[in-house]
Amino acid sequence: MNEIFKGSFTQQEPIPDDGIAAALEVMRSGRLHRYNLALGEEGEAAALEREFAALTGARHALAVASGGYAMATALRAVGVGPGDRVLTNAFTLAPVPGAIASVGAQPVFVGVTEGLVIDLDDLAAKVDEADVLMLSHMRGHICDMDRLMDICTGSGITVIEDCAHTMGAAWNGIPSGRHGLVGCYSTQTYKHMNSGEGGLLVTDDDEVMARAVLLSGSYMLYGRHGTVPPEEVFAAVKYDTPNISGRMDNLRAAILRPQLARLDEQCERWNERYRVVEAGLRGTPGLQVIERAKKERYVGSSIQFLLLDWPGEAIEEVLARCLTRGVELKWFGAAEPAGFTSRYDSWRYAPSEPMPASDRVLRGIVDMRLPLTFDLEDCALIARIIRAEVGAVWQEHAA
Ligand SMILES: *Cc1c(COP(=O)(O)O)cnc(C)c1O
């Protein structure tokens, strides 16, 4: 009898009780709007900003409506506008090119390696094409950040980091989001903290922060933010920075603060699960696990593997067989974007030269979520199912 997995790949943990209590408190107060404070009150949004800045070691943090809003705000705050070109990863998700397009700019895609990180040789070859890199740490894979920063600093490229999948992660001891000028994070339900929708950005740069605060809709109440640059910095930019409301409200911030306090613990729980699945998949014929760099402290909230150079029908067969046993895999190689999978060639508003080496990798990427509602037994079972089904299809096609 074949084992079947019964868990749900889209079921997250509940909001912790202290988060629920804090949310009720905000609702009872009626002061949900980000600038609606009682006398002497800091407010949940400002407190979250202060705490997130402390956690990442940044001078400033801004809590906003979504990760996509954080990225678009970062682009605007560093001066990207209509007609500009912005380098970004070919392997990422739709909110990233979407943020670039939302400010009227044009994404220029950089390839992906078999380690699922940005191809630094391709990046080095494209440095003359743009002044800004929106670097997406897609699915939590962090490239050699030392080399990336050398390339970008040497060519005058401003780096903005998309840390939607690396909140709590680090490269060589430096938190993800702290290498570039701005780090952007998401608190959408499937990320490392859950407020439904939401995002944060961090920076050490006073002027970028002042612009981001004004952009987020401060109505000149910027003094009420959790981390604020000096008044003279605002004075220099406040008359020429448009208001595009999108700062986070107090209700969502209240839900997030107790989660922030537990972030490290949660990341460790993800990694326990990741390691069980990885160990169970390692050595499966035809399947390549993604090796992680020693300097990378990752957060295994999802796992990827490669079925490199497999025919598309064989990969589809693996997915179908796993699904009948309850294991939901996503494939980046599918001809049509489905669910959350997407690829540079599915964004037709951002045309690109073909990238054959990246296409080969993208065609082989299989992706799976690892929600914390799975226990370690579940993870071992999932790995056994994938191993068996990949093995069966591999043998069938070899025969
Ligand atoms: C989720 C996500 C974002 C941000 O998305 P929002 O839904 O706007 O918070 C950015 N980049 C990647 C790779 C993502 O998966």
# chains A, B, ... in the order shown; residues from 1 in each chain; ligands from 1

call {"tool": "residues_around", "arguments": {"residues": "range 43-55 of chain A", "least_positions_apart": "3", "cutoff": "7 Å", "atoms": "only C-alpha atoms", "output": "list of chain:residue names"}}
result
A:Arg34, A:Leu37, A:Ala58, A:Arg59, A:His60, A:Ala61, A:Leu62, A:Ala63, A:Val202, A:His225, A:Gly226, A:Thr227, A:Met248, A:Asp249, A:Asn250, A:Ala253, A:Ala254, A:Arg257

call {"tool": "write_last_selection", "arguments": {"atoms": "N, CA, C and O atoms", "output": "PDB file, in the first residue's frame"}}
result
ATOM      1  N   ARG A  34      -2.407  54.685  11.014  1.00  0.00           N
ATOM      2  CA  ARG A  34      -1.000  54.758  11.445  1.00  0.00           C
ATOM      3  C   ARG A  34      -0.636  56.014  12.209  1.00  0.00           C
ATOM      4  O   ARG A  34       0.338  56.031  12.946  1.00  0.00           O
ATOM      5  N   LEU A  37      -3.006  58.424  17.180  1.00  0.00           N
ATOM      6  CA  LEU A  37      -2.390  58.033  18.443  1.00  0.00           C
ATOM      7  C   LEU A  37      -2.985  58.842  19.590  1.00  0.00           C
ATOM      8  O   LEU A  37      -3.324  60.018  19.426  1.00  0.00           O
ATOM      9  N   ALA A  58      19.614  47.978  11.303  1.00  0.00           N
ATOM     10  CA  ALA A  58      19.525  49.134  10.389  1.00  0.00           C
ATOM     11  C   ALA A  58      19.226  50.400  11.191  1.00  0.00           C
ATOM     12  O   ALA A  58      18.621  50.349  12.258  1.00  0.00           O
ATOM     13  N   ARG A  59      19.636  51.544  10.636  1.00  0.00           N
ATOM     14  CA  ARG A  59      19.298  52.815  11.256  1.00  0.00           C
ATOM     15  C   ARG A  59      17.791  53.057  11.201  1.00  0.00           C
ATOM     16  O   ARG A  59      17.210  53.571  12.140  1.00  0.00           O
ATOM     17  N   HIS A  60      17.200  52.694  10.059  1.00  0.00           N
ATOM     18  CA  HIS A  60      15.795  53.018   9.850  1.00  0.00           C
ATOM     19  C   HIS A  60      14.998  51.824   9.329  1.00  0.00           C
ATOM     20  O   HIS A  60      15.524  51.026   8.555  1.00  0.00           O
ATOM     21  N   ALA A  61      13.728  51.758   9.719  1.00  0.00           N
ATOM     22  CA  ALA A  61      12.796  50.789   9.135  1.00  0.00           C
ATOM     23  C   ALA A  61      11.467  51.485   8.892  1.00  0.00           C
ATOM     24  O   ALA A  61      11.083  52.384   9.647  1.00  0.00           O
ATOM     25  N   LEU A  62      10.795  51.083   7.822  1.00  0.00           N
ATOM     26  CA  LEU A  62       9.475  51.622   7.485  1.00  0.00           C
ATOM     27  C   LEU A  62       8.539  50.438   7.248  1.00  0.00           C
ATOM     28  O   LEU A  62       8.855  49.547   6.452  1.00  0.00           O
ATOM     29  N   ALA A  63       7.404  50.427   7.964  1.00  0.00           N
ATOM     30  CA  ALA A  63       6.417  49.360   7.781  1.00  0.00           C
ATOM     31  C   ALA A  63       5.385  49.820   6.763  1.00  0.00           C
ATOM     32  O   ALA A  63       4.865  50.931   6.863  1.00  0.00           O
ATOM     33  N   VAL A 202      14.214  48.542   5.096  1.00  0.00           N
ATOM     34  CA  VAL A 202      15.244  49.054   6.011  1.00  0.00           C
ATOM     35  C   VAL A 202      16.343  49.738   5.206  1.00  0.00           C
ATOM     36  O   VAL A 202      16.616  49.364   4.060  1.00  0.00           O
ATOM     37  N   HIS A 225       6.963  58.454  13.216  1.00  0.00           N
ATOM     38  CA  HIS A 225       7.505  57.159  12.787  1.00  0.00           C
ATOM     39  C   HIS A 225       8.448  56.590  13.842  1.00  0.00           C
ATOM     40  O   HIS A 225       8.943  57.311  14.712  1.00  0.00           O
ATOM     41  N   GLY A 226       8.689  55.287  13.724  1.00  0.00           N
ATOM     42  CA  GLY A 226       9.489  54.599  14.737  1.00  0.00           C
ATOM     43  C   GLY A 226      10.961  54.962  14.684  1.00  0.00           C
ATOM     44  O   GLY A 226      11.643  55.019  15.710  1.00  0.00           O
ATOM     45  N   THR A 227      11.481  55.184  13.477  1.00  0.00           N
ATOM     46  CA  THR A 227      12.887  55.535  13.319  1.00  0.00           C
ATOM     47  C   THR A 227      12.914  56.688  12.334  1.00  0.00           C
ATOM     48  O   THR A 227      12.469  56.539  11.203  1.00  0.00           O
ATOM     49  N   MET A 248       1.937  50.887   6.802  1.00  0.00           N
ATOM     50  CA  MET A 248       1.168  49.855   7.491  1.00  0.00           C
ATOM     51  C   MET A 248       0.282  50.469   8.576  1.00  0.00           C
ATOM     52  O   MET A 248       0.662  51.440   9.217  1.00  0.00           O
ATOM     53  N   ASP A 249      -0.889  49.854   8.786  1.00  0.00           N
ATOM     54  CA  ASP A 249      -1.784  50.300   9.860  1.00  0.00           C
ATOM     55  C   ASP A 249      -1.421  49.593  11.170  1.00  0.00           C
ATOM     56  O   ASP A 249      -0.695  48.609  11.188  1.00  0.00           O
ATOM     57  N   ASN A 250      -1.996  50.104  12.265  1.00  0.00           N
ATOM     58  CA  ASN A 250      -1.662  49.581  13.593  1.00  0.00           C
ATOM     59  C   ASN A 250      -2.156  48.155  13.830  1.00  0.00           C
ATOM     60  O   ASN A 250      -1.563  47.415  14.617  1.00  0.00           O
ATOM     61  N   ALA A 253       0.399  45.758  12.323  1.00  0.00           N
ATOM     62  CA  ALA A 253       1.651  45.851  13.091  1.00  0.00           C
ATOM     63  C   ALA A 253       1.512  45.118  14.430  1.00  0.00           C
ATOM     64  O   ALA A 253       2.448  44.455  14.887  1.00  0.00           O
ATOM     65  N   ALA A 254       0.314  45.208  15.024  1.00  0.00           N
ATOM     66  CA  ALA A 254       0.082  44.548  16.316  1.00  0.00           C
ATOM     67  C   ALA A 254       0.196  43.027  16.184  1.00  0.00           C
ATOM     68  O   ALA A 254       0.709  42.346  17.072  1.00  0.00           O
ATOM     69  N   ARG A 257       4.247  42.154  15.747  1.00  0.00           N
ATOM     70  CA  ARG A 257       5.280  42.345  16.767  1.00  0.00           C
ATOM     71  C   ARG A 257       5.554  41.073  17.582  1.00  0.00           C
ATOM     72  O   ARG A 257       6.717  40.721  17.768  1.00  0.00           O
TER      73      ARG A 257
END

call {"tool": "select_by_dssp", "arguments": {"residues": "range 9-72 of chain A", "states": "strand (DSSP E)", "output": "PyMOL selection string"}}
result
chain A and resi 60-64

call {"tool": "residues_around", "arguments": {"residues": "Val78 in chain A", "least_positions_apart": "3", "cutoff": "9 Å", "atoms": "only C-alpha atoms", "output": "PyMOL selection string"}}
result
chain A and resi 73-75+132+158+181+207-208+211

call {"tool": "residues_around", "arguments": {"residues": "range 21-24 of chain A", "least_positions_apart": "4", "cutoff": "8 Å", "atoms": "only C-alpha atoms", "output": "VMD selection string"}}
result
chain A and resid 17 28 251 to 252 254 to 255

call {"tool": "residues_near_ligand", "arguments": {"ligand": "ligand 1", "cutoff": "10 Å", "atoms": "only C-alpha atoms and all ligand atoms", "output": "ChimeraX atom specification"}}
result
/A:64-72,89,91-99,135-140,161-166,184-191,195-200,340-341

call {"tool": "atom_distance", "arguments": {"atom1": "CA of Val159 in chain A", "atom2": "CA of Ser218 in chain A"}}
result
25.2 Å

call {"tool": "residues_around", "arguments": {"residues": "Val237 in chain A", "least_positions_apart": "5", "cutoff": "12 Å", "atoms": "only C-alpha atoms", "output": "ChimeraX atom specification"}}
result
/A:77,206-215,220,229-232,242

call {"tool": "write_last_selection", "arguments": {"atoms": "C-alpha atoms", "output": "mmCIF file, in the first residue's frame"}}
result
data_model
loop_
_atom_site.group_PDB
_atom_site.id
_atom_site.type_symbol
_atom_site.label_atom_id
_atom_site.label_comp_id
_atom_site.auth_asym_id
_atom_site.auth_seq_id
_atom_site.Cartn_x
_atom_site.Cartn_y
_atom_site.Cartn_z
ATOM 1 C CA ALA A 77 13.319 56.793 -3.086
ATOM 2 C CA ASP A 206 18.831 59.256 5.950
ATOM 3 C CA GLU A 207 17.754 60.771 2.652
ATOM 4 C CA VAL A 208 16.397 57.508 1.225
ATOM 5 C CA MET A 209 14.484 56.991 4.466
ATOM 6 C CA ALA A 210 13.089 60.523 4.509
ATOM 7 C CA ARG A 211 11.859 60.085 0.934
ATOM 8 C CA ALA A 212 10.411 56.636 1.700
ATOM 9 C CA VAL A 213 8.544 57.982 4.741
ATOM 10 C CA LEU A 214 7.120 60.896 2.737
ATOM 11 C CA LEU A 215 6.235 58.607 -0.160
ATOM 12 C CA MET A 220 3.988 65.642 7.246
ATOM 13 C CA PRO A 229 16.102 60.872 10.150
ATOM 14 C CA PRO A 230 16.889 64.412 11.379
ATOM 15 C CA GLU A 231 14.426 67.203 10.560
ATOM 16 C CA GLU A 232 16.810 68.925 8.124
ATOM 17 C CA PRO A 242 4.770 62.852 -3.654
#

call {"tool": "closest_residue", "arguments": {"among": "A:Met27, A:Val318, A:Met149, A:Leu201", "to": "His179 in chain A", "atoms": "only C-alpha atoms"}}
result
A:Met149

call {"tool": "closest_residue", "arguments": {"among": "A:Ala293, A:Ala279, A:Val110, A:Val228", "to": "Ile142 in chain A", "atoms": "only C-alpha atoms"}}
result
A:Ala293
